There are 2 protein chains.
Amino acid sequence: MVQYQARLDASFFALADVTRRGVLELLGRTDASITDLADKFRMTLTGMKKHIGVLEDAGLVATEKIGRVRTCRLGPRRLEEELAWLEGQRRLWDARFDELDNVVEELKAKEQSHARRKKE
Amino acid sequence: MVQYQARLDASFFALADVTRRGVLELLGRTDASITDLADKFRMTLTGMKKHIGVLEDAGLVATEKIGRVRTCRLGPRRLEEELAWLEGQRRLWDARFDELDNVVEELKAKEQSHARRKKE
């Protein structure tokens, strides 16, 4: 359970940056070297290495050094737990709002029956 | 577009903490005062106020002060953009893996036909 929470902490933190989300979108299409990614996102190599480190820690990106080039590809984690958490939360909220709607409907019905009784 | 990215930055950052996710889960069921939340999560009032501030900045929680009590409830943002981003990313990845599967299948087919030709 602690590990599950730590995984969610790491991956949501990794997603909380526009460049890191962009890197994931790009790697969803094709593998790329850190140099390519730094060029693409107009960033220093050091800056991009830091972002890749955060994504790697979250298991969202894997890297492999072949010769002098470090290539990045999608990692072993597939954002499934994150999707499941968000979907669960949405279900909870929808249920909550349906409940509030019911309360409002009940109040309306009571008011109408009260108004009717007053008329009679 | 910049605002959209800033919203995602703020909300994914807000989700990157087990206590803040717990607060959202709890508020999905019922409204609560900051004092209640601090008790529930065994945290100082100051600590909980900081977490609520992060959730408020992301639009995920709204607070209202009535008398001396500040009550928290779900905010105007419903995590829809975050869900949509994750779902889009997953579609991209699935497509990528299907593509890789196809490449593997093609290679296998080529190998088999090559082996057959050798036999004949």
# chains A, B, ... in the order shown; residues from 1 in each chain; ligands from 1
>>> calpha_fit_rmsd(fixed="chain B", moving="chain A")
0.1 Å
>>> residues_around(residues="Thr71 (chain A)", least_positions_apart="2", cutoff="10 Å", atoms="only C-alpha atoms", output="list in words")
Asp31, Ala32, Ser33, Ile34, Thr35, Asp36, Leu37, Ala62, Thr63, Glu64, Lys65, Ile66, Arg68, Val69 and Arg73 of chain A
>>> interface_residues(of="chain B", to="chain A", cutoff="6 Å", atoms="only C-alpha atoms", output="list in words")
Asp9, Phe12, Phe13, Ala16, Asp17, Gly28, Leu92 and Trp93 of chain B
>>> write_last_selection(atoms="C-alpha atoms", output="PDB file, in the first residue's frame")
ATOM      1  CA  ASP B   9       0.851  21.516 -13.874  1.00  0.00           C
ATOM      2  CA  PHE B  12      -0.915  16.991 -11.173  1.00  0.00           C
ATOM      3  CA  PHE B  13       1.305  18.667  -8.563  1.00  0.00           C
ATOM      4  CA  ALA B  16       1.406  14.159  -6.087  1.00  0.00           C
ATOM      5  CA  ASP B  17       0.863  13.797  -2.342  1.00  0.00           C
ATOM      6  CA  GLY B  28     -15.792  13.308  -2.510  1.00  0.00           C
ATOM      7  CA  LEU B  92      -0.871   6.702 -28.025  1.00  0.00           C
ATOM      8  CA  TRP B  93       1.043   4.009 -26.152  1.00  0.00           C
TER       9      TRP B  93
END
>>> atom_distance(atom1="CA of Gly75 (chain A)", atom2="CA of Glu105 (chain B)")
22.4 Å
>>> atom_distance(atom1="CA of Glu56 (chain A)", atom2="CA of Lys50 (chain B)")
28.3 Å
>>> atom_distance(atom1="CA of Arg70 (chain B)", atom2="CA of Thr46 (chain B)")
13.2 Å
>>> select_by_dssp(residues="chain B", states="helix (DSSP H, G or I)", output="ChimeraX atom specification")
/B:2-15,18-27,34-40,45-57,80-119
>>> decode(residues="region 77-90 of chain B", atoms="all heavy atoms", output="short mmCIF file (atom, residue, chain, number, x, y, z; two decimals), in the first residue's frame")
data_model
loop_
_atom_site.label_atom_id
_atom_site.label_comp_id
_atom_site.auth_asym_id
_atom_site.auth_seq_id
_atom_site.Cartn_x
_atom_site.Cartn_y
_atom_site.Cartn_z
N ARG B 77 -13.06 22.47 -10.41
CA ARG B 77 -12.43 21.62 -11.42
C ARG B 77 -12.66 20.15 -11.09
O ARG B 77 -12.56 19.73 -9.96
CB ARG B 77 -10.92 21.92 -11.54
CG ARG B 77 -10.71 23.34 -12.06
CD ARG B 77 -9.34 23.51 -12.66
NE ARG B 77 -9.15 22.59 -13.76
CZ ARG B 77 -8.09 21.80 -13.90
NH1 ARG B 77 -7.14 21.82 -13.01
NH2 ARG B 77 -8.00 20.99 -14.92
N ARG B 78 -12.98 19.38 -12.11
CA ARG B 78 -13.44 17.99 -11.91
C ARG B 78 -12.46 16.96 -12.46
O ARG B 78 -12.85 15.85 -12.79
CB ARG B 78 -14.80 17.80 -12.59
CG ARG B 78 -15.93 18.54 -11.95
CD ARG B 78 -16.44 17.76 -10.73
NE ARG B 78 -17.37 18.58 -9.98
CZ ARG B 78 -17.02 19.30 -8.92
NH1 ARG B 78 -15.80 19.30 -8.45
NH2 ARG B 78 -17.92 20.04 -8.29
N LEU B 79 -11.19 17.32 -12.64
CA LEU B 79 -10.15 16.40 -13.11
C LEU B 79 -10.43 15.84 -14.51
O LEU B 79 -9.86 14.84 -14.91
CB LEU B 79 -9.97 15.23 -12.12
CG LEU B 79 -9.43 15.60 -10.73
CD1 LEU B 79 -9.51 14.40 -9.79
CD2 LEU B 79 -7.97 16.06 -10.82
N GLU B 80 -11.34 16.53 -15.24
CA GLU B 80 -11.67 16.02 -16.58
C GLU B 80 -10.50 16.17 -17.56
O GLU B 80 -10.22 15.26 -18.32
CB GLU B 80 -12.91 16.73 -17.12
CG GLU B 80 -14.16 15.89 -16.91
CD GLU B 80 -15.34 16.70 -16.45
OE1 GLU B 80 -15.47 17.86 -16.87
OE2 GLU B 80 -16.13 16.17 -15.63
N GLU B 81 -9.83 17.31 -17.51
CA GLU B 81 -8.69 17.52 -18.41
C GLU B 81 -7.56 16.54 -18.10
O GLU B 81 -6.88 16.07 -19.00
CB GLU B 81 -8.18 18.96 -18.29
CG GLU B 81 -9.15 19.96 -18.91
CD GLU B 81 -8.69 21.40 -18.71
OE1 GLU B 81 -8.11 21.72 -17.65
OE2 GLU B 81 -8.92 22.21 -19.61
N GLU B 82 -7.40 16.24 -16.82
CA GLU B 82 -6.32 15.32 -16.41
C GLU B 82 -6.65 13.91 -16.91
O GLU B 82 -5.78 13.22 -17.44
CB GLU B 82 -6.18 15.34 -14.89
CG GLU B 82 -5.68 16.66 -14.31
CD GLU B 82 -6.68 17.80 -14.40
OE1 GLU B 82 -7.89 17.54 -14.55
OE2 GLU B 82 -6.26 18.98 -14.33
N LEU B 83 -7.91 13.49 -16.73
CA LEU B 83 -8.34 12.18 -17.23
C LEU B 83 -8.15 12.11 -18.75
O LEU B 83 -7.64 11.11 -19.27
CB LEU B 83 -9.81 11.96 -16.90
CG LEU B 83 -10.12 11.00 -15.76
CD1 LEU B 83 -11.60 11.04 -15.43
CD2 LEU B 83 -9.71 9.57 -16.12
N ALA B 84 -8.56 13.18 -19.43
CA ALA B 84 -8.47 13.19 -20.90
C ALA B 84 -7.00 13.09 -21.33
O ALA B 84 -6.68 12.37 -22.27
CB ALA B 84 -9.10 14.47 -21.46
N TRP B 85 -6.11 13.78 -20.61
CA TRP B 85 -4.69 13.72 -20.98
C TRP B 85 -4.16 12.29 -20.82
O TRP B 85 -3.49 11.74 -21.70
CB TRP B 85 -3.84 14.70 -20.15
CG TRP B 85 -2.44 14.76 -20.68
CD1 TRP B 85 -1.99 15.57 -21.69
CD2 TRP B 85 -1.32 13.94 -20.30
NE1 TRP B 85 -0.67 15.30 -21.95
CE2 TRP B 85 -0.22 14.32 -21.12
CE3 TRP B 85 -1.14 12.93 -19.35
CZ2 TRP B 85 1.02 13.72 -21.01
CZ3 TRP B 85 0.10 12.34 -19.25
CH2 TRP B 85 1.17 12.73 -20.06
N LEU B 86 -4.47 11.67 -19.67
CA LEU B 86 -4.00 10.31 -19.40
C LEU B 86 -4.56 9.32 -20.42
O LEU B 86 -3.86 8.43 -20.89
CB LEU B 86 -4.37 9.87 -17.99
CG LEU B 86 -3.53 10.45 -16.84
CD1 LEU B 86 -4.10 10.01 -15.50
CD2 LEU B 86 -2.08 9.97 -16.94
N GLU B 87 -5.85 9.49 -20.76
CA GLU B 87 -6.47 8.58 -21.72
C GLU B 87 -5.83 8.74 -23.10
O GLU B 87 -5.58 7.75 -23.80
CB GLU B 87 -7.99 8.80 -21.79
CG GLU B 87 -8.71 8.11 -20.64
CD GLU B 87 -10.13 8.63 -20.42
OE1 GLU B 87 -10.56 9.56 -21.14
OE2 GLU B 87 -10.80 8.11 -19.49
N GLY B 88 -5.56 9.99 -23.49
CA GLY B 88 -4.90 10.26 -24.77
C GLY B 88 -3.53 9.60 -24.82
O GLY B 88 -3.15 8.97 -25.81
N GLN B 89 -2.81 9.74 -23.71
CA GLN B 89 -1.47 9.16 -23.61
C GLN B 89 -1.55 7.63 -23.74
O GLN B 89 -0.76 7.01 -24.44
CB GLN B 89 -0.85 9.59 -22.28
CG GLN B 89 0.63 9.35 -22.15
CD GLN B 89 1.45 10.12 -23.17
OE1 GLN B 89 0.99 11.10 -23.77
NE2 GLN B 89 2.66 9.68 -23.40
N ARG B 90 -2.54 7.06 -23.07
CA ARG B 90 -2.67 5.61 -23.13
C ARG B 90 -3.00 5.11 -24.54
O ARG B 90 -2.46 4.09 -24.98
CB ARG B 90 -3.73 5.11 -22.15
CG ARG B 90 -3.76 3.60 -22.25
CD ARG B 90 -3.95 2.88 -21.03
NE ARG B 90 -5.35 2.95 -20.71
CZ ARG B 90 -5.89 2.27 -19.72
NH1 ARG B 90 -5.13 1.51 -18.97
NH2 ARG B 90 -7.15 2.36 -19.46
#
